[in-house]
>>> print(open('start-v4.cif').read())   # mmCIF, C-alpha atoms and all ligand atoms
data_start
#
loop_
_atom_site.label_atom_id
_atom_site.label_comp_id
_atom_site.auth_asym_id
_atom_site.auth_seq_id
_atom_site.Cartn_x
_atom_site.Cartn_y
_atom_site.Cartn_z
CA MET A 1469 3.17 81.14 154.71
CA GLY A 1470 5.94 83.74 154.83
CA PHE A 1471 9.13 83.30 156.87
CA VAL A 1472 8.04 83.68 160.50
CA VAL A 1473 10.19 84.41 163.54
CA ALA A 1474 8.27 84.12 166.84
CA VAL A 1475 9.69 85.95 169.84
CA ASP A 1476 8.02 85.37 173.19
CA GLY A 1477 8.95 86.46 176.68
CA PRO A 1478 7.87 88.53 179.67
CA ALA A 1479 7.35 92.30 179.77
CA GLY A 1480 10.65 94.15 179.88
CA SER A 1481 12.78 91.29 178.57
CA GLY A 1482 13.80 93.55 175.67
CA LYS A 1483 11.60 91.97 172.99
CA GLY A 1484 10.38 95.28 171.59
CA THR A 1485 13.80 96.87 171.28
CA VAL A 1486 15.59 93.85 169.86
CA THR A 1487 12.90 92.83 167.38
CA LYS A 1488 12.85 96.36 165.92
CA GLU A 1489 16.60 96.21 165.37
CA ILE A 1490 16.52 92.64 164.03
CA ALA A 1491 13.78 93.64 161.57
CA LYS A 1492 16.05 96.35 160.16
CA ARG A 1493 18.99 93.99 159.76
CA THR A 1494 17.08 91.06 158.28
CA ASN A 1495 14.39 92.72 156.17
CA LEU A 1496 11.66 91.15 158.25
CA ILE A 1497 8.63 93.21 159.23
CA ASN A 1498 8.33 93.49 162.98
CA VAL A 1499 4.93 93.07 164.57
CA ASP A 1500 4.33 93.99 168.22
CA THR A 1501 1.22 92.01 169.17
CA GLY A 1502 0.97 93.55 172.65
CA ALA A 1503 -0.19 96.72 170.86
CA MET A 1504 -3.38 94.91 169.85
CA TYR A 1505 -4.26 93.89 173.42
CA ARG A 1506 -3.42 97.40 174.51
CA SER A 1507 -5.78 98.83 171.86
CA VAL A 1508 -8.72 96.69 173.00
CA THR A 1509 -7.93 97.71 176.59
CA LEU A 1510 -7.84 101.40 175.65
CA GLU A 1511 -11.19 101.12 173.86
CA CYS A 1512 -12.73 99.50 176.95
CA ILE A 1513 -11.23 102.12 179.29
CA ASN A 1514 -12.54 104.91 177.04
CA ASN A 1515 -16.01 103.36 177.22
CA ASP A 1516 -15.86 102.74 180.99
CA ILE A 1517 -16.01 99.00 180.53
CA SER A 1518 -14.31 96.87 183.17
CA SER A 1519 -12.52 93.59 182.46
CA THR A 1520 -15.31 91.69 184.26
CA ASP A 1521 -18.10 92.99 182.01
CA LEU A 1522 -17.92 90.32 179.33
CA GLU A 1523 -21.18 91.23 177.61
CA LYS A 1524 -20.07 94.82 176.99
CA ILE A 1525 -16.60 93.62 175.92
CA LYS A 1526 -18.24 91.34 173.34
CA GLN A 1527 -20.17 94.32 171.95
CA ILE A 1528 -16.96 96.33 171.68
CA LEU A 1529 -15.28 93.41 169.87
CA GLU A 1530 -18.07 93.27 167.27
CA ASN A 1531 -17.22 96.70 165.91
CA ILE A 1532 -13.59 97.22 166.80
CA ASP A 1533 -11.08 97.75 164.01
CA ILE A 1534 -7.39 97.41 164.90
CA GLN A 1535 -4.78 97.90 162.24
CA LEU A 1536 -1.00 97.76 162.51
CA ILE A 1537 0.50 99.76 159.67
CA ARG A 1538 4.08 100.77 158.78
CA LYS A 1539 5.33 104.34 158.67
CA ASP A 1540 9.05 105.02 158.11
CA GLY A 1541 9.85 101.54 159.38
CA ASN A 1542 7.84 102.01 162.59
CA GLN A 1543 4.63 100.33 163.63
CA ILE A 1544 1.64 102.66 163.85
CA VAL A 1545 -1.47 101.43 165.65
CA LEU A 1546 -4.86 102.49 164.33
CA LEU A 1547 -7.85 101.94 166.59
CA ASN A 1548 -11.07 102.50 164.65
CA GLY A 1549 -9.04 104.62 162.24
CA LYS A 1550 -7.40 106.79 164.93
CA ASP A 1551 -3.64 106.73 165.61
CA VAL A 1552 -3.30 105.49 169.23
CA THR A 1553 0.39 104.50 169.06
CA LYS A 1554 1.25 106.70 172.05
CA GLU A 1555 -2.03 106.45 173.96
CA ILE A 1556 -1.75 102.67 174.37
CA ARG A 1557 1.48 103.09 176.40
CA THR A 1558 0.09 105.11 179.33
CA PRO A 1559 0.39 103.77 182.91
CA LYS A 1560 -3.41 103.34 182.99
CA VAL A 1561 -3.31 100.93 180.04
CA ASP A 1562 -0.16 99.30 181.52
CA SER A 1563 -1.99 98.47 184.72
CA GLU A 1564 -5.21 97.19 183.06
CA VAL A 1565 -4.00 95.34 179.97
CA ALA A 1566 -3.04 91.99 181.55
CA LYS A 1567 -6.62 91.51 182.79
CA PHE A 1568 -8.05 92.15 179.31
CA ALA A 1569 -5.39 90.03 177.59
CA ALA A 1570 -6.49 87.06 179.72
CA ILE A 1571 -10.01 87.12 178.19
CA LYS A 1572 -10.60 84.33 175.68
CA GLU A 1573 -13.04 86.33 173.52
CA ILE A 1574 -10.45 89.08 173.08
CA ARG A 1575 -7.72 86.59 172.16
CA ASP A 1576 -10.06 84.84 169.71
CA LYS A 1577 -10.58 88.17 167.95
CA VAL A 1578 -6.92 89.21 167.86
CA THR A 1579 -5.14 85.91 167.09
CA PRO A 1580 -6.54 85.44 163.53
CA ILE A 1581 -5.52 89.02 162.64
CA GLN A 1582 -1.95 88.14 163.67
CA GLN A 1583 -2.02 84.84 161.77
CA LYS A 1584 -3.16 86.65 158.63
CA MET A 1585 -0.08 88.89 158.78
CA GLY A 1586 2.21 85.87 158.55
CA GLU A 1587 0.37 84.41 155.56
CA ASP A 1588 2.24 86.29 152.92
CA LEU A 1589 4.73 88.53 154.74
CA ASP A 1590 8.14 87.68 156.19
CA ILE A 1591 7.75 88.76 159.79
CA ILE A 1592 9.30 88.83 163.23
CA MET A 1593 6.38 88.84 165.65
CA GLU A 1594 6.72 89.42 169.37
CA GLY A 1595 4.31 88.61 172.17
CA ARG A 1596 3.53 85.94 174.75
CA ASP A 1597 1.90 83.14 172.75
CA ILE A 1598 3.36 83.55 169.28
CA GLY A 1599 5.38 80.31 169.21
CA THR A 1600 2.75 78.33 171.11
CA VAL A 1601 -0.64 79.49 169.75
CA VAL A 1602 -0.34 82.00 166.89
CA PHE A 1603 2.43 80.29 164.88
CA PRO A 1604 3.16 76.85 166.34
CA ASN A 1605 5.01 76.11 163.07
CA ALA A 1606 7.14 79.27 163.04
CA ASP A 1607 10.49 78.92 161.25
CA VAL A 1608 12.36 80.29 164.26
CA LYS A 1609 11.17 80.48 167.88
CA ILE A 1610 12.93 82.52 170.51
CA PHE A 1611 12.09 82.75 174.22
CA LEU A 1612 13.64 85.90 175.61
CA ASP A 1613 13.86 85.88 179.38
CA CYS A 1614 15.18 88.30 182.02
CA SER A 1615 15.12 88.60 185.83
CA VAL A 1616 12.18 90.60 187.27
CA GLU A 1617 14.54 93.10 188.95
CA GLU A 1618 16.31 93.92 185.70
CA ARG A 1619 12.99 94.14 183.85
CA ALA A 1620 11.71 96.61 186.44
CA ARG A 1621 14.93 98.65 186.15
CA ARG A 1622 14.52 98.85 182.37
CA ARG A 1623 10.83 99.84 182.54
CA TYR A 1624 11.62 102.42 185.24
CA LYS A 1625 14.28 103.96 183.01
CA GLN A 1626 11.93 104.02 180.00
CA ASN A 1627 9.28 105.75 182.13
CA GLN A 1628 11.79 108.35 183.32
CA GLU A 1629 12.78 109.08 179.73
CA LYS A 1630 9.12 109.59 178.83
CA GLY A 1631 8.62 111.88 181.84
CA ILE A 1632 6.43 109.34 183.66
CA ASN A 1633 7.24 109.51 187.38
CA ILE A 1634 6.62 106.18 189.08
CA SER A 1635 9.00 104.80 191.72
CA TYR A 1636 11.15 101.74 191.03
CA GLU A 1637 9.31 99.82 193.78
CA GLU A 1638 5.94 100.49 192.16
CA VAL A 1639 7.24 99.42 188.75
CA LEU A 1640 8.67 96.23 190.27
CA GLU A 1641 5.39 95.45 192.00
CA SER A 1642 3.40 95.97 188.80
CA ILE A 1643 5.85 93.81 186.78
CA ILE A 1644 5.56 90.98 189.32
CA LYS A 1645 1.74 91.21 189.33
CA ARG A 1646 1.63 91.20 185.55
CA HIS A 1647 4.03 88.26 185.38
CA ILE A 1648 1.87 86.16 187.70
CA LEU A 1649 -1.26 86.98 185.67
CA GLU A 1650 0.41 86.23 182.34
CA THR A 1651 2.00 82.94 183.36
CA THR A 1652 -0.97 81.52 185.26
CA ARG A 1653 -3.92 82.57 183.08
CA GLU A 1654 -6.01 79.79 181.55
CA VAL A 1655 -5.92 80.99 177.96
CA ALA A 1656 -2.59 81.19 176.11
CA PRO A 1657 -0.35 81.63 179.19
CA LEU A 1658 3.22 82.77 178.72
CA VAL A 1659 5.22 79.54 178.50
CA GLN A 1660 8.41 78.73 176.70
CA PRO A 1661 7.62 76.79 173.52
CA LYS A 1662 9.39 73.40 173.67
CA ASP A 1663 11.25 74.01 170.44
CA ALA A 1664 12.28 77.63 171.21
CA LYS A 1665 15.83 78.86 171.67
CA TYR A 1666 16.10 80.20 175.25
CA ILE A 1667 17.99 83.45 175.71
CA ASP A 1668 18.43 85.10 179.12
CA SER A 1669 19.03 88.81 178.47
CA THR A 1670 19.60 89.80 182.14
CA ASN A 1671 23.33 90.33 181.68
CA MET A 1672 23.42 90.86 177.93
CA SER A 1673 23.53 94.12 175.97
CA ILE A 1674 20.90 94.81 173.30
CA GLU A 1675 23.61 94.37 170.68
CA GLU A 1676 24.54 90.92 172.03
CA VAL A 1677 20.92 89.75 172.05
CA VAL A 1678 20.35 91.12 168.53
CA ASN A 1679 23.50 89.42 167.19
CA THR A 1680 22.57 86.09 168.79
CA ILE A 1681 19.08 86.10 167.26
CA VAL A 1682 20.25 87.34 163.83
CA GLU A 1683 22.71 84.43 163.72
CA ILE A 1684 19.92 81.96 164.51
CA ILE A 1685 17.70 83.50 161.78
CA ASN A 1686 20.47 83.45 159.17
CA ALA A 1687 21.32 79.83 159.97
CA LYS A 1688 17.66 78.89 159.51
CA LYS A 1689 17.42 80.76 156.20
CA LEU A 1690 20.52 78.92 154.93
CA GLU A 1691 19.03 75.60 156.00
CA ILE A 1692 15.79 76.36 154.12
CA GLU A 1693 17.66 77.42 150.97
CA LYS A 1694 19.64 74.15 150.86
O1 LIG B 1 4.25 93.38 175.39
P1 LIG B 1 3.28 94.35 176.02
O2 LIG B 1 3.65 94.80 177.41
O3 LIG B 1 2.94 95.52 175.14
O4 LIG B 1 1.92 93.52 176.17
C1 LIG B 1 0.76 94.09 176.66
C2 LIG B 1 -0.10 93.03 177.32
O5 LIG B 1 -0.63 92.12 176.37
C3 LIG B 1 0.59 92.19 178.39
O6 LIG B 1 -0.26 92.07 179.51
C4 LIG B 1 0.77 90.85 177.74
C5 LIG B 1 -0.32 90.78 176.74
N1 LIG B 1 0.04 90.05 175.53
C6 LIG B 1 -0.46 88.80 175.39
O7 LIG B 1 -1.16 88.30 176.27
N2 LIG B 1 -0.18 88.11 174.26
C7 LIG B 1 0.59 88.63 173.31
N3 LIG B 1 0.84 87.92 172.20
C8 LIG B 1 1.14 89.92 173.46
C9 LIG B 1 0.85 90.61 174.61
#
>>> encode(input="start-v4.cif", output="structure tokens")
Amino acid sequence: MGFVVAVDGPAGSGKGTVTKEIAKRTNLINVDTGAMYRSVTLECINNDISSTDLEKIKQILENIDIQLIRKDGNQIVLLNGKDVTKEIRTPKVDSEVAKFAAIKEIRDKVTPIQQKMGEDLDIIMEGRDIGTVVFPNADVKIFLDCSVEERARRRYKQNQEKGINISYEEVLESIIKRHILETTREVAPLVQPKDAKYIDSTNMSIEEVVNTIVEIINAKKLEIEK
């Protein structure tokens, strides 16, 4: 297995932003696993399949091809060969994805693809179940937390920057709904792995979170080299 850093935490805790920066500073390849659940969700939306129609979802899963590739240091998502990197971030996918990500058959399809990436690459992988299910033996486990209000503020700001006009209250409501779904679902719920380092980013800058995690990674690398 390569060197694996698992970063878990709720939506809007800053995982995406900090793991990208950490990847640059540590030469690890960053993998955003949420993109895979978003891709399956997009494929189902495009085919008018609801999250309750398990038979149709299974058919979709038989033929679906999701690839995460690198381009200029960024992750590009290919769904059946088509670049959907932007399309998987629309409000429609945002509001549907938690329901699809709770489906065991979808997780059973996606998890082995993620595990394969850590077989021979040195990676920093972010998601909800990376330290608990995907890589229970990860070299470093981080649980990045943040208050719901701050998470909603961050997502609201991101939306504004992208020209997506949704009120703060609506964003907050959707974050709370998503959080309840993710932490209470039966399969691979978002929980802090016992052996993870807990970081609360509510009052921390991106730089502070990045520095804290890079220090943890470097300390682990030194320990392994000894
Ligand atoms: O991190 P994100 O918002 O892009 O994640 C999209 C959805 O996928 C979200 O509902 C959580 C879910 N997810 C998951 O269940 N397990 C992962 N490893 C990553 C994401």
>>> residues_near_ligand(input="start-v4.cif", ligand="ligand LIG 1 (chain B)", cutoff="7 Å", atoms="only C-alpha atoms and all ligand atoms", output="PyMOL selection string")
chain A and resi 1479+1501-1503+1505-1506+1565-1566+1569-1570+1594-1598+1646+1650
>>> closest_atom_pairs(input="start-v4.cif", of="segment 1527-1586 of chain A", to="segment 1487-1490 of chain A", cutoff="10 Å", atoms="all atoms listed in the file", output="Markdown table")
| residue | atom | partner | partner_atom | distance |
| --- | --- | --- | --- | --- |
| A:Gly1541 | CA | A:Lys1488 | CA | 8.9 |
| A:Asn1542 | CA | A:Lys1488 | CA | 8.3 |
| A:Gln1543 | CA | A:Lys1488 | CA | 9.4 |
>>> atom_distance(input="start-v4.cif", atom1="atom CA of Thr1558 of chain A", atom2="atom CA of Asp1540 of chain A")
23.0 Å
>>> closest_residue(input="start-v4.cif", among="A:Ile1525, A:Asn1671, A:Val1678, A:Asn1515", to="Gly1484 of chain A", atoms="only C-alpha atoms")
A:Val1678
>>> closest_residue(input="start-v4.cif", among="A:Ile1571, A:Ile1681, A:Asp1607, A:Ile1674", to="Gly1586 of chain A", atoms="all atoms listed in the file")
A:Asp1607
>>> atom_distance(input="start-v4.cif", atom1="atom CA of Asp1521 of chain A", atom2="atom CA of Met1585 of chain A")
29.7 Å
>>> atom_distance(input="start-v4.cif", atom1="atom CA of Val1473 of chain A", atom2="atom CA of Phe1603 of chain A")
8.9 Å
>>> closest_residue(input="start-v4.cif", among="A:Lys1625, A:Lys1662, A:Lys1483, A:Lys1694", to="Asn1605 of chain A", atoms="all atoms listed in the file")
A:Lys1662
>>> residues_around(input="start-v4.cif", residues="Glu1676 of chain A", least_positions_apart="6", cutoff="12 Å", atoms="all atoms listed in the file", output="PyMOL selection string")
chain A and resi 1482+1486+1489-1490+1667-1670+1682-1683
>>> closest_residue(input="start-v4.cif", among="A:Asp1562, A:Glu1587, A:Glu1618, A:Glu1637", to="Ala1606 of chain A", atoms="only C-alpha atoms")
A:Glu1587
>>> residues_around(input="start-v4.cif", residues="Asn1498 of chain A", least_positions_apart="4", cutoff="6 Å", atoms="all atoms listed in the file", output="PyMOL selection string")
chain A and resi 1491+1591-1593
